[in-house]
Structure formats: C-alpha cells, structure tokens
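Student: Contents of work_22.cif (mmCIF, C-alpha atoms and all ligand atoms):
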data_my_file
loop_
_atom_site.label_atom_id
_atom_site.label_comp_id
_atom_site.auth_asym_id
_atom_site.auth_seq_id
_atom_site.Cartn_x
_atom_site.Cartn_y
_atom_site.Cartn_z
CA MET U 1 -81.88 -188.68 126.84
CA GLN U 2 -78.96 -186.78 128.36
CA LYS U 3 -76.21 -187.71 130.78
CA HIS U 4 -75.79 -185.27 133.67
CA PHE U 5 -73.76 -184.77 136.83
CA ILE U 6 -76.27 -185.35 139.57
CA GLY U 7 -75.69 -181.84 140.94
CA GLY U 8 -77.00 -180.43 137.68
CA VAL U 9 -80.16 -182.49 137.27
CA ILE U 10 -83.35 -180.47 137.56
CA PRO U 11 -85.49 -181.91 140.37
CA GLY U 12 -88.55 -183.38 138.75
CA SER U 13 -86.63 -184.71 135.72
CA ILE U 14 -87.49 -188.25 134.70
CA ILE U 15 -84.68 -190.76 135.14
CA ALA U 16 -84.02 -192.44 131.78
CA GLN U 17 -81.93 -195.49 132.87
CA ASP U 18 -81.88 -197.66 136.00
CA VAL U 19 -79.32 -196.26 138.46
CA TYR U 20 -77.01 -198.73 140.24
CA GLY U 21 -74.58 -197.99 143.06
CA ASN U 22 -70.92 -199.09 142.88
CA ASP U 23 -71.84 -202.29 144.74
CA GLY U 24 -74.32 -203.18 142.02
CA VAL U 25 -77.43 -202.49 144.11
CA LEU U 26 -80.30 -200.88 142.23
CA LEU U 27 -80.84 -197.41 143.65
CA ILE U 28 -83.67 -196.17 141.52
CA LYS U 29 -85.60 -197.41 138.54
CA LYS U 30 -85.85 -195.86 135.13
CA GLY U 31 -89.00 -193.74 134.79
CA SER U 32 -88.84 -192.44 138.38
CA MET U 33 -88.71 -188.77 139.14
CA PHE U 34 -85.44 -187.26 140.32
CA ARG U 35 -85.67 -185.48 143.66
CA GLU U 36 -83.09 -183.25 145.28
CA GLN U 37 -83.02 -185.39 148.42
CA TYR U 38 -81.65 -188.35 146.38
CA ILE U 39 -78.33 -186.57 145.84
CA PRO U 40 -76.60 -187.55 149.14
CA ARG U 41 -77.69 -191.19 148.68
CA PHE U 42 -76.35 -191.28 145.14
CA ILE U 43 -73.04 -189.74 146.21
CA ASP U 44 -72.68 -192.28 149.05
CA ALA U 45 -73.24 -195.07 146.53
CA GLY U 46 -70.57 -193.65 144.23
CA VAL U 47 -72.94 -192.42 141.54
CA GLN U 48 -71.86 -189.19 139.90
CA GLU U 49 -73.79 -189.11 136.69
CA ILE U 50 -77.21 -190.31 135.64
CA PHE U 51 -79.24 -190.34 132.44
CA VAL U 52 -82.36 -188.23 132.45
CA GLU U 53 -85.01 -187.60 129.84
CA ASP U 54 -84.53 -184.33 128.04
CA ASN U 55 -87.02 -181.96 129.60
CA GLY U 56 -86.84 -179.57 126.68
CA THR U 57 -88.48 -176.32 127.61
CA MET U 58 -89.95 -175.55 131.00
CA THR U 59 -93.54 -176.66 130.56
CA PRO U 60 -96.11 -175.95 133.28
CA GLN U 61 -95.95 -179.68 134.11
CA THR U 62 -92.18 -179.52 134.62
CA ILE U 63 -92.60 -176.48 136.82
CA ASN U 64 -95.25 -178.26 138.86
CA THR U 65 -93.07 -181.32 139.36
CA ILE U 66 -90.22 -179.10 140.46
CA ARG U 67 -92.50 -177.30 142.86
CA LYS U 68 -93.55 -180.65 144.31
CA SER U 69 -89.96 -181.80 144.67
CA LEU U 70 -89.10 -178.55 146.48
CA ASN U 71 -91.59 -179.72 149.06
CA ILE U 72 -93.53 -176.48 149.15
CA GLN U 73 -96.36 -176.76 151.55
CA ASP U 74 -99.61 -174.97 151.43
CA VAL U 75 -100.87 -173.67 154.79
CA ILE U 76 -103.77 -176.10 154.50
CA HIS U 77 -103.74 -179.65 153.11
CA GLU U 78 -104.42 -180.08 149.42
CA LYS U 79 -107.32 -182.42 150.26
CA THR U 80 -108.95 -179.82 152.54
CA ARG U 81 -108.53 -177.14 149.86
CA THR U 82 -110.15 -179.28 147.16
CA HIS U 83 -112.90 -180.36 149.53
CA ALA U 84 -113.59 -176.73 150.47
CA GLN U 85 -113.69 -175.65 146.83
CA ASN U 86 -116.11 -178.43 145.90
CA GLN U 87 -118.32 -177.64 148.86
CA ILE U 88 -118.55 -173.93 148.07
CA LYS U 89 -119.19 -174.79 144.42
CA LYS U 90 -122.07 -177.09 145.41
CA THR U 91 -123.44 -174.45 147.77
CA MET U 92 -123.31 -171.73 145.13
CA MET U 93 -124.84 -173.88 142.39
CA LYS U 94 -127.98 -174.49 144.40
CA PHE U 95 -130.94 -172.42 143.49
CA LYS U 96 -130.77 -169.17 145.41
CA SER U 97 -130.61 -170.56 148.92
CA VAL U 98 -128.18 -172.06 151.39
CA SER U 99 -129.21 -174.99 153.57
CA ASN U 100 -128.23 -175.63 157.16
CA SER U 101 -126.42 -178.79 156.15
CA ASP U 102 -124.27 -176.73 153.73
CA VAL U 103 -123.48 -174.37 156.59
CA GLN U 104 -122.57 -177.29 158.86
CA ARG U 105 -120.28 -178.84 156.26
CA ILE U 106 -118.51 -175.51 155.74
CA GLY U 107 -118.17 -175.17 159.52
CA LYS U 108 -116.44 -178.56 159.68
CA ILE U 109 -114.06 -177.60 156.86
CA VAL U 110 -113.21 -174.33 158.63
CA GLU U 111 -112.42 -176.25 161.84
CA ASP U 112 -109.99 -178.43 159.86
CA MET U 113 -108.41 -175.36 158.29
CA ILE U 114 -107.89 -173.72 161.69
CA GLU U 115 -106.17 -176.85 163.06
CA GLN U 116 -103.94 -177.14 160.01
CA ILE U 117 -102.87 -173.50 160.07
CA LEU U 118 -102.20 -173.64 163.83
CA ASP U 119 -100.03 -176.70 163.20
CA LYS U 120 -97.60 -174.64 161.13
CA LYS U 121 -94.98 -172.76 163.08
CA ASP U 122 -94.47 -169.94 160.65
CA PHE U 123 -97.55 -169.75 158.51
CA VAL U 124 -96.93 -167.85 155.37
CA PHE U 125 -99.52 -167.72 152.69
CA ALA U 126 -98.41 -168.97 149.32
CA LEU U 127 -100.47 -169.11 146.21
CA THR U 128 -99.52 -172.58 145.13
CA GLN U 129 -101.80 -173.20 142.24
CA LEU U 130 -102.41 -171.64 138.92
CA ARG U 131 -106.11 -171.09 138.82
CA SER U 132 -108.58 -171.32 136.03
CA VAL U 133 -110.83 -168.35 135.39
CA ASP U 134 -113.87 -170.67 135.38
CA ASP U 135 -113.44 -171.85 138.93
CA TYR U 136 -112.24 -168.45 140.06
CA THR U 137 -115.10 -167.75 142.47
CA TYR U 138 -114.70 -171.00 144.42
CA GLN U 139 -110.92 -170.82 144.61
CA HIS U 140 -111.15 -167.18 145.59
CA SER U 141 -113.67 -167.97 148.37
CA VAL U 142 -111.38 -170.59 149.88
CA ASN U 143 -108.33 -168.34 149.68
CA VAL U 144 -110.16 -165.49 151.34
CA GLY U 145 -111.09 -167.97 154.09
CA VAL U 146 -107.49 -169.07 154.59
CA LEU U 147 -106.07 -165.53 154.51
CA SER U 148 -108.69 -164.26 156.94
CA LEU U 149 -107.97 -167.11 159.36
CA ILE U 150 -104.24 -166.34 159.21
CA ILE U 151 -104.96 -162.72 160.15
CA GLY U 152 -107.46 -163.81 162.84
CA ILE U 153 -104.96 -166.21 164.43
CA ASP U 154 -102.34 -163.47 164.58
CA LEU U 155 -104.92 -161.18 166.23
CA SER U 156 -105.41 -163.90 168.90
CA LEU U 157 -109.09 -164.56 168.20
CA THR U 158 -110.63 -167.50 170.06
CA LYS U 159 -111.41 -170.75 168.20
CA GLU U 160 -115.10 -169.93 168.25
CA GLU U 161 -114.44 -166.50 166.76
CA LEU U 162 -112.08 -167.99 164.19
CA LYS U 163 -114.76 -170.44 163.11
CA ASN U 164 -117.26 -167.64 162.55
CA LEU U 165 -114.65 -165.54 160.77
CA GLY U 166 -113.66 -168.44 158.50
CA MET U 167 -117.23 -169.37 157.63
CA GLY U 168 -118.25 -165.81 156.88
CA ALA U 169 -115.08 -165.30 154.85
CA ILE U 170 -115.67 -168.39 152.71
CA LEU U 171 -119.29 -167.35 152.17
CA HIS U 172 -118.62 -163.61 151.80
CA ASP U 173 -119.75 -163.49 148.16
CA ILE U 174 -122.64 -165.94 148.47
CA GLY U 175 -125.06 -163.14 147.54
CA LYS U 176 -123.70 -163.33 143.97
CA ILE U 177 -125.97 -166.31 143.37
CA MET U 178 -128.80 -163.77 143.16
CA ILE U 179 -127.11 -161.66 140.47
CA PRO U 180 -127.63 -162.59 136.80
CA GLU U 181 -124.69 -164.62 135.50
CA GLU U 182 -124.22 -162.41 132.44
CA ILE U 183 -123.36 -159.51 134.77
CA ILE U 184 -121.05 -161.57 137.01
CA LYS U 185 -119.19 -163.02 134.04
CA LYS U 186 -119.19 -159.91 131.85
CA PRO U 187 -115.66 -159.54 130.46
CA SER U 188 -115.93 -155.78 129.89
CA LYS U 189 -116.61 -152.78 132.09
CA LEU U 190 -119.97 -152.80 133.83
CA THR U 191 -122.54 -150.07 133.18
CA LEU U 192 -123.60 -147.98 136.18
CA GLU U 193 -126.84 -149.95 136.44
CA GLU U 194 -125.00 -153.27 136.31
CA PHE U 195 -122.57 -152.13 138.98
CA ALA U 196 -125.47 -151.04 141.19
CA GLU U 197 -126.86 -154.56 140.78
CA VAL U 198 -123.49 -156.20 141.64
CA LYS U 199 -123.25 -154.10 144.80
CA LYS U 200 -126.46 -155.70 146.03
CA HIS U 201 -124.64 -159.03 146.53
CA THR U 202 -123.71 -157.79 150.00
CA GLU U 203 -127.34 -157.36 151.09
CA TYR U 204 -128.45 -160.53 149.32
CA GLY U 205 -125.68 -162.49 150.99
CA TYR U 206 -126.68 -161.30 154.44
CA GLU U 207 -130.35 -162.08 153.79
CA ILE U 208 -129.49 -165.60 152.63
CA LEU U 209 -127.16 -166.30 155.56
CA VAL U 210 -129.34 -164.97 158.40
CA GLN U 211 -131.96 -167.51 157.40
CA THR U 212 -129.51 -170.31 158.25
CA ASP U 213 -127.99 -171.43 161.55
CA ILE U 214 -124.84 -169.42 160.89
CA GLU U 215 -123.91 -166.91 163.62
CA GLU U 216 -124.92 -163.29 163.07
CA GLU U 217 -121.30 -162.06 163.13
CA ALA U 218 -120.45 -164.42 160.27
CA ALA U 219 -123.46 -163.30 158.23
CA ARG U 220 -122.47 -159.67 158.73
CA ILE U 221 -119.21 -160.32 156.87
CA ALA U 222 -121.27 -160.77 153.70
CA LEU U 223 -123.03 -157.47 154.39
CA HIS U 224 -119.97 -155.35 155.17
CA HIS U 225 -116.98 -156.79 153.28
CA HIS U 226 -116.98 -153.92 150.76
CA GLU U 227 -116.99 -151.16 153.36
CA LYS U 228 -113.86 -149.00 153.32
CA TYR U 229 -112.08 -147.59 156.33
CA ASP U 230 -112.60 -143.99 155.17
CA GLY U 231 -116.34 -144.54 154.69
CA THR U 232 -116.32 -144.60 150.87
CA GLY U 233 -117.33 -148.24 150.53
CA TYR U 234 -120.69 -149.99 150.38
CA CYS U 235 -123.33 -151.06 151.31
CA ARG U 236 -123.72 -148.85 154.39
CA GLY U 237 -120.77 -146.47 154.02
CA LEU U 238 -119.54 -147.33 157.54
CA ARG U 239 -116.25 -145.86 158.76
CA ASN U 240 -113.34 -146.94 160.93
CA THR U 241 -114.20 -149.31 163.75
CA LYS U 242 -117.91 -148.93 162.99
CA ILE U 243 -117.15 -151.60 160.39
CA PRO U 244 -117.29 -154.96 162.20
CA LEU U 245 -113.80 -156.39 162.84
CA PHE U 246 -114.42 -159.55 160.80
CA ALA U 247 -115.51 -157.53 157.78
CA ARG U 248 -112.36 -155.38 158.10
CA ILE U 249 -110.26 -158.55 158.02
CA VAL U 250 -112.08 -160.07 155.05
CA ALA U 251 -111.83 -156.78 153.11
CA VAL U 252 -108.02 -157.02 153.08
CA ALA U 253 -108.00 -160.73 152.20
CA ASP U 254 -110.58 -160.23 149.44
CA VAL U 255 -108.79 -157.38 147.67
CA TYR U 256 -105.38 -159.06 147.95
CA ASP U 257 -106.52 -162.35 146.48
CA ALA U 258 -108.62 -160.70 143.76
CA MET U 259 -105.69 -158.58 142.55
CA SER U 260 -103.31 -161.55 142.58
CA ASN U 261 -105.35 -163.58 140.10
CA ASP U 262 -106.70 -163.41 136.59
CA ARG U 263 -110.33 -162.47 136.56
CA VAL U 264 -112.80 -162.43 133.70
CA TYR U 265 -112.31 -158.73 133.18
CA GLN U 266 -108.73 -158.17 134.31
CA LYS U 267 -105.30 -159.80 134.19
CA ARG U 268 -103.66 -160.33 137.53
CA PHE U 269 -101.07 -157.88 138.84
CA MET U 270 -97.49 -158.78 139.63
CA PRO U 271 -97.11 -159.82 143.30
CA ASP U 272 -94.85 -156.89 144.23
CA LYS U 273 -97.37 -154.50 142.66
CA VAL U 274 -100.26 -156.08 144.58
CA PHE U 275 -98.30 -155.74 147.78
CA ARG U 276 -97.38 -152.09 147.18
CA GLU U 277 -100.90 -151.24 146.08
CA ILE U 278 -102.52 -152.90 149.10
CA THR U 279 -100.17 -151.40 151.67
CA HIS U 280 -100.52 -148.02 149.96
CA LEU U 281 -104.32 -148.23 150.28
CA GLY U 282 -103.73 -149.02 153.95
CA ASP U 283 -105.28 -146.17 155.88
CA LYS U 284 -107.80 -145.23 153.18
CA HIS U 285 -109.45 -148.56 152.52
CA PHE U 286 -108.22 -150.76 155.32
CA ASP U 287 -107.62 -150.88 159.02
CA THR U 288 -103.87 -150.23 159.38
CA GLU U 289 -103.38 -152.73 162.19
CA ILE U 290 -105.02 -155.48 160.16
CA MET U 291 -103.04 -154.41 157.12
CA GLU U 292 -99.75 -154.73 159.02
CA THR U 293 -100.75 -158.09 160.50
CA PHE U 294 -101.57 -159.32 157.03
CA ALA U 295 -98.27 -158.05 155.58
CA ARG U 296 -96.31 -160.11 158.11
CA HIS U 297 -97.73 -163.32 156.69
CA ILE U 298 -97.38 -162.69 153.01
CA ASN U 299 -94.40 -163.53 150.89
CA ILE U 300 -94.33 -161.28 147.88
CA PHE U 301 -92.80 -164.02 145.76
CA PRO U 302 -93.57 -167.23 147.67
CA THR U 303 -91.20 -170.15 147.37
CA GLY U 304 -92.12 -172.10 144.27
CA THR U 305 -93.31 -169.09 142.26
CA GLY U 306 -92.30 -169.43 138.62
CA VAL U 307 -90.50 -166.27 137.51
CA ILE U 308 -89.23 -164.73 134.28
CA LEU U 309 -86.23 -162.47 134.84
CA ASN U 310 -85.34 -159.28 132.98
CA SER U 311 -82.72 -161.39 131.14
CA GLY U 312 -85.50 -163.59 129.77
CA HIS U 313 -84.39 -166.62 131.83
CA ARG U 314 -87.00 -168.68 133.60
CA GLY U 315 -86.67 -169.79 137.16
CA ILE U 316 -88.30 -170.72 140.41
CA VAL U 317 -88.16 -168.93 143.77
CA LEU U 318 -86.16 -171.07 146.21
CA TYR U 319 -85.79 -169.00 149.38
CA GLN U 320 -86.86 -165.67 150.78
CA ASN U 321 -84.63 -162.78 151.77
CA LYS U 322 -86.31 -161.60 154.96
CA LEU U 323 -84.81 -158.12 154.63
CA TYR U 324 -85.49 -157.76 150.92
CA PRO U 325 -88.80 -159.53 150.25
CA GLU U 326 -88.85 -158.26 146.66
CA SER U 327 -85.50 -159.94 145.92
CA PRO U 328 -85.65 -163.65 146.72
CA ILE U 329 -83.13 -166.34 145.81
CA VAL U 330 -84.08 -167.84 142.49
CA ARG U 331 -83.04 -171.07 140.77
CA VAL U 332 -82.46 -169.97 137.20
CA PHE U 333 -82.78 -172.61 134.48
CA LEU U 334 -80.52 -172.28 131.51
CA PRO U 335 -81.93 -172.58 128.01
CA LYS U 336 -80.90 -175.71 126.07
CA GLU U 337 -78.05 -174.05 124.15
CA GLN U 338 -76.43 -172.79 127.39
CA ARG U 339 -76.63 -176.11 129.22
CA ALA U 340 -73.13 -177.42 128.48
CA LYS U 341 -72.12 -178.10 132.10
CA ARG U 342 -75.11 -177.28 134.24
CA LEU U 343 -78.85 -177.01 133.89
CA TYR U 344 -79.39 -174.27 136.42
CA PHE U 345 -77.72 -171.92 138.85
CA ASP U 346 -78.99 -170.24 142.01
CA LEU U 347 -79.09 -166.47 142.08
CA ASP U 348 -79.55 -164.11 145.02
CA LEU U 349 -81.43 -161.15 143.57
CA SER U 350 -80.63 -158.97 146.57
CA VAL U 351 -76.91 -159.22 145.73
CA ASN U 352 -77.05 -159.44 141.95
CA THR U 353 -79.03 -156.27 141.48
CA LYS U 354 -78.84 -156.12 137.69
CA TRP U 355 -81.21 -159.10 137.61
CA SER U 356 -84.83 -158.63 138.55
CA ILE U 357 -88.18 -160.38 138.27
CA LYS U 358 -90.16 -159.18 135.30
CA GLU U 359 -93.06 -161.58 135.37
CA THR U 360 -94.42 -164.53 137.30
CA PHE U 361 -96.13 -167.68 136.06
FE FE U 401 -117.83 -159.18 147.28
#
Here is a file; write its structure as structure tokens.
Tutor:
Amino acid sequence: MQKHFIGGVIPGSIIAQDVYGNDGVLLIKKGSMFREQYIPRFIDAGVQEIFVEDNGTMTPQTINTIRKSLNIQDVIHEKTRTHAQNQIKKTMMKFKSVSNSDVQRIGKIVEDMIEQILDKKDFVFALTQLRSVDDYTYQHSVNVGVLSLIIGIDLSLTKEELKNLGMGAILHDIGKIMIPEEIIKKPSKLTLEEFAEVKKHTEYGYEILVQTDIEEEAARIALHHHEKYDGTGYCRGLRNTKIPLFARIVAVADVYDAMSNDRVYQKRFMPDKVFREITHLGDKHFDTEIMETFARHINIFPTGTGVILNSGHRGIVLYQNKLYPESPIVRVFLPKEQRAKRLYFDLDLSVNTKWSIKETF
C-alpha cells in the first residue's frame, strides 16, 4: 500500500483505504478502481492524497484497466465484436458448408456494425485487444469486416452495398475450411505444393458462398481478395479496375490486419512499419484511392497502445499528433525506484525527439 497525491495515481490502481471528503462523507470505498475522472470530485471534497495498492510492475491486467479508464472506444461495441467472432467461429467449424441461417445471422451482425460505425463522428480504427494466435482467424475476419466497412463508408457506398461488402469481408477466408488444418496451421514456410493448395481457398470460398443466399458481389470477394492491382495476384491475375471494387477494398484491410498481428508463422510488425509497408505497396498491390481512404482512418499508434520507448520505459499512447502520426503523446510510467514524487509523466514525442517508440504491446 502506498500513499499518493491524487494527480500521481495511475488510473486503474486499486484504492486501498476508504476515501472520505473533508465533511466526512464517504467518497469511494476501498477496493474500487481509481479513474481519472474522480480527480475533480476529490479536489472539491478537499482530498489531496489517497492510499492505493502497489501496482508493482505494469502487468497486462494493469494496462488493460488503464486502457478501460482512458475510455478508449472501439468503432463497434464489444458485444457486437464478440458476437461476430463467435458466429464466424461457429460457421467455420461446421463441416465444409455454410448454411443460409449462418449467412442471415452474419448479415444481421453486419447491419449492427454499420449502424455503430456511422454513429461515430470520427471513426478511427484501433486495435484494442491483444489477440491469441488460436482465435486468430475469427478475430482477423471480424477486423477485416470492420476495416472494409470503414473504407466503404468513406467511399459513400449505399447501405445495401455496405452490407454486401461487410458480409463478404467477414467471410473472405471461408474457403480455408476446405484446406487441411496441418497446412493452415503450419508454423514454418509452406512448400510450393502446400502454397498452391492454400491459394485454392479463394475458389473454394466462392463455391461455398454462391450456394447460399448471399449476393453474388459478396461471394466474389472470397474469389478475388488476393488479386493485386498490378495483376500479380491470384486466383485470376486480374488487374486494376478489372478487380471488383469490394475485393480491392478487402485486399487492403486483409493485408493491414494480417501484418499487424502475430500469426502462426510470423511475429507481427510494428505499427509504423505496417503503415509504411502498406502505403509503399500502394500502386503495386492496391488501388491508390482505396489506399489513401484507408490511411485517413488509421492511427499508427492508436490511443491506448502499450509502448516501450527507446529509454526502456513503458507507457500508453494518450493522444494523437495529427501532423506527426508516428509521434503521439505518451503517458510514461516510471519504474518503482524512480517513483519518489510521481508515478508517470506525459511526453509529447513530436517535441522530445530523443525519445521514440521501440516496441508496442
Ligand atoms: Fe485469404
């Protein structure tokens, strides 16, 4: 247990003793979580210091609580995200087919997603969760859905078109249910034969989806999402605008999300590297207009990202610098031995240029 000035308490810390105001009224009970928005109330009540449990090191749990207290919002509700992940998991676990009721349920989820994204004024995509490699496919499917919808909304697609785009995007890899699991989950490089087999998931996906009630333009996303703008992709080697618009959108979302996360065979890339890589691939692999639309809605280091600085300090991204997206404002947490007066300080990386982000967590 440590006594701290309220300005120095890490949001998310657990309060170790009941806190009373000067008038003797109980403000908050022991065991509650400290939130930044309590500060003005405490000051009004004359409270300057409180006892909090010693958080020790920054555990993933501490980071998560801090993220929650920063009130970082996903573009879609947590419930919708979980529901979508479970639904795609159920759909993909079924034996080599997709039923019309699965398609309908996914359609309903996509409608909810569209409403929720449209509700946000400035929708910026933030990867809010750390994902497990096991559930990678389902989480990836949902993220590709959300990212594609964000691009589609910016391109002023109609609600009907958005629904088809979202459904096709969520189901873009459905053909993988036909590929042997040992190939899909192989942690090392695939042989040429294995890769040829993996490539077939595009055709398989289309064949599975056209047998359902899903619209043709949604099914074609599964068929063409690995086409590249310069014609070097698969499965048809289409070029430029010969590639259907929805497949061009999903291609960007798919590659971005895949590079940003740990996969069975590859560690994720740092967000700034993903961003540079993707924009660099722009005119070769992607449609430049879609690429630029996408870039407008991505924060390289979204608010709430856990970061490790070149100094070794750990912190959390608090705000974005619109002009310098690679240099956000970070709340840096001091290690135990440096915490004499304060637990953290806020640092603008665009001004303090000797500090930089080395890693994210
Ligand atoms: Fe794919």
Student: Mind checking which residues fall within 10 Å of U:Phe294, counting all atoms listed in the file, ignoring those fewer than 2 positions away in the same chain, and posting them as a short mmCIF file (atom, residue, chain, number, x, y, z; two decimals) with C-alpha atoms, in the coordinates of the input?
Tutor:
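Contents of selection20.cif, freshly written:
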data_model
loop_
_atom_site.label_atom_id
_atom_site.label_comp_id
_atom_site.auth_asym_id
_atom_site.auth_seq_id
_atom_site.Cartn_x
_atom_site.Cartn_y
_atom_site.Cartn_z
CA VAL U 124 -96.93 -167.85 155.37
CA PHE U 125 -99.52 -167.72 152.69
CA LEU U 147 -106.07 -165.53 154.51
CA SER U 148 -108.69 -164.26 156.94
CA ILE U 150 -104.24 -166.34 159.21
CA ILE U 151 -104.96 -162.72 160.15
CA GLY U 152 -107.46 -163.81 162.84
CA ASP U 154 -102.34 -163.47 164.58
CA LEU U 155 -104.92 -161.18 166.23
CA ILE U 249 -110.26 -158.55 158.02
CA VAL U 252 -108.02 -157.02 153.08
CA ALA U 253 -108.00 -160.73 152.20
CA TYR U 256 -105.38 -159.06 147.95
CA THR U 279 -100.17 -151.40 151.67
CA THR U 288 -103.87 -150.23 159.38
CA GLU U 289 -103.38 -152.73 162.19
CA ILE U 290 -105.02 -155.48 160.16
CA MET U 291 -103.04 -154.41 157.12
CA GLU U 292 -99.75 -154.73 159.02
CA ARG U 296 -96.31 -160.11 158.11
CA HIS U 297 -97.73 -163.32 156.69
CA ILE U 298 -97.38 -162.69 153.01
#
Student: Go through U:Val142, U:Val110, U:Ile174, U:Ile300 and flag the residue nearest U:Met93, using all atoms listed in the file for the distances.
Tutor: U:Ile174
Student: Which one is closest to U:Thr212: U:Thr303, U:His77, U:Glu359, U:Asn100? Count all atoms listed in the file.
Tutor: U:Asn100
Student: With a distance cut-off of 10 Å and only C-alpha atoms, select the neighbouring residues of U:Gln116, excluding the residue or stretch itself and same-chain residues fewer than 6 positions from it, and output the selection as a PyMOL selection string.
Tutor: chain U and resi 74-77+80+110+123
Student: Dump the neighbourhood of ligand FE 401 (chain U) as a JSON list (two decimals) with C-alpha atoms, in the coordinates of the input: all residues within 10 Å, distances computed on only C-alpha atoms and all ligand atoms.
Tutor:
[["chain", "number", "residue", "atom", "x", "y", "z"],
["U", 141, "SER", "CA", -113.67, -167.97, 148.37],
["U", 171, "LEU", "CA", -119.29, -167.35, 152.17],
["U", 172, "HIS", "CA", -118.62, -163.61, 151.80],
["U", 173, "ASP", "CA", -119.75, -163.49, 148.16],
["U", 174, "ILE", "CA", -122.64, -165.94, 148.47],
["U", 175, "GLY", "CA", -125.06, -163.14, 147.54],
["U", 176, "LYS", "CA", -123.70, -163.33, 143.97],
["U", 198, "VAL", "CA", -123.49, -156.20, 141.64],
["U", 199, "LYS", "CA", -123.25, -154.10, 144.80],
["U", 200, "LYS", "CA", -126.46, -155.70, 146.03],
["U", 201, "HIS", "CA", -124.64, -159.03, 146.53],
["U", 202, "THR", "CA", -123.71, -157.79, 150.00],
["U", 205, "GLY", "CA", -125.68, -162.49, 150.99],
["U", 221, "ILE", "CA", -119.21, -160.32, 156.87],
["U", 222, "ALA", "CA", -121.27, -160.77, 153.70],
["U", 223, "LEU", "CA", -123.03, -157.47, 154.39],
["U", 224, "HIS", "CA", -119.97, -155.35, 155.17],
["U", 225, "HIS", "CA", -116.98, -156.79, 153.28],
["U", 226, "HIS", "CA", -116.98, -153.92, 150.76],
["U", 250, "VAL", "CA", -112.08, -160.07, 155.05],
["U", 251, "ALA", "CA", -111.83, -156.78, 153.11],
["U", 254, "ASP", "CA", -110.58, -160.23, 149.44],
["U", 255, "VAL", "CA", -108.79, -157.38, 147.67],
["U", 258, "ALA", "CA", -108.62, -160.70, 143.76]]
Student: Which value, in Å to one decimal, gives the distance between atom CA of U:Lys79 and atom CA of U:Arg314?
Tutor: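 Between atom CA of U:Lys79 and atom CA of U:Arg314 the gap works out to 29.7 Å.
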Student: How big is the axis-aligned box around the listed atoms of stretch 195-213 of chain U once 8 Å is added on each side, and where is its centre? Give both in Å to one decimal, as JSON.
Tutor:
{"center_x": -127.3, "center_y": -161.2, "center_z": 150.3, "size_x": 25.4, "size_y": 36.4, "size_z": 38.6}
Student: Provide the atom CA of U:Lys3 to atom CA of U:Val317 distance in Å, to one decimal place.
Tutor: 25.8 Å
Student: Looking at all atoms listed in the file, which of U:Glu53, U:Thr158, U:Ile14, U:Lys89 is the one that sits closest to U:Gln2?
Tutor: U:Glu53
Student: If you measure from atom CA of U:Tyr206 to atom CA of U:Gly168, what distance in Å do you get, rounded to one decimal?
Tutor: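 One can read the atom CA of U:Tyr206 to atom CA of U:Gly168 distance as 9.9 Å.
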Student: Pick out the closest residue to U:Leu349 from this set: U:Leu318, U:Leu334, U:Leu209, U:Ile243. Count all atoms listed in the file.
Tutor: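 Nearest candidate to U:Leu349 out of U:Leu318, U:Leu334, U:Leu209, U:Ile243: U:Leu318.
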Student: Just checking: using only C-alpha atoms, which residue out of U:Ile170, U:Arg41, U:Val47, U:Ile177 ends up closest to U:Gly24?
Tutor: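 Looking at the shortest contact to U:Gly24, the residue is U:Val47.
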Student: From the options U:Ile114, U:Met259, U:Leu343, U:Val351, which residue's atoms come nearest to U:Tyr324, counting all atoms listed in the file?
Tutor: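 Answer, going by the shortest atom-to-atom distance: U:Val351.
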Student: What's around U:Glu49 at 9 Å? Count all atoms listed in the file, leave out sequence neighbours fewer than 3 positions away in its own chain, and write the answer as a list in words.
Tutor: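 The residues satisfying every condition are Lys3, His4, Phe5, Ile6 and Gly7 of chain U.
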Student: Just the residues within 10 Å of U:Asn321, please, counting all atoms listed in the file, with nothing from its chain fewer than 6 positions along; format it as an MDAnalysis selection string.
Tutor: chainID U and resid 299 327:329 348:350
Student: Using only C-alpha atoms, which residues sit within 9 Å of U:Asp23 once same-chain residues fewer than 3 positions away are excluded, as an MDAnalysis selection string?
Tutor: chainID U and resid 20 26 45:46
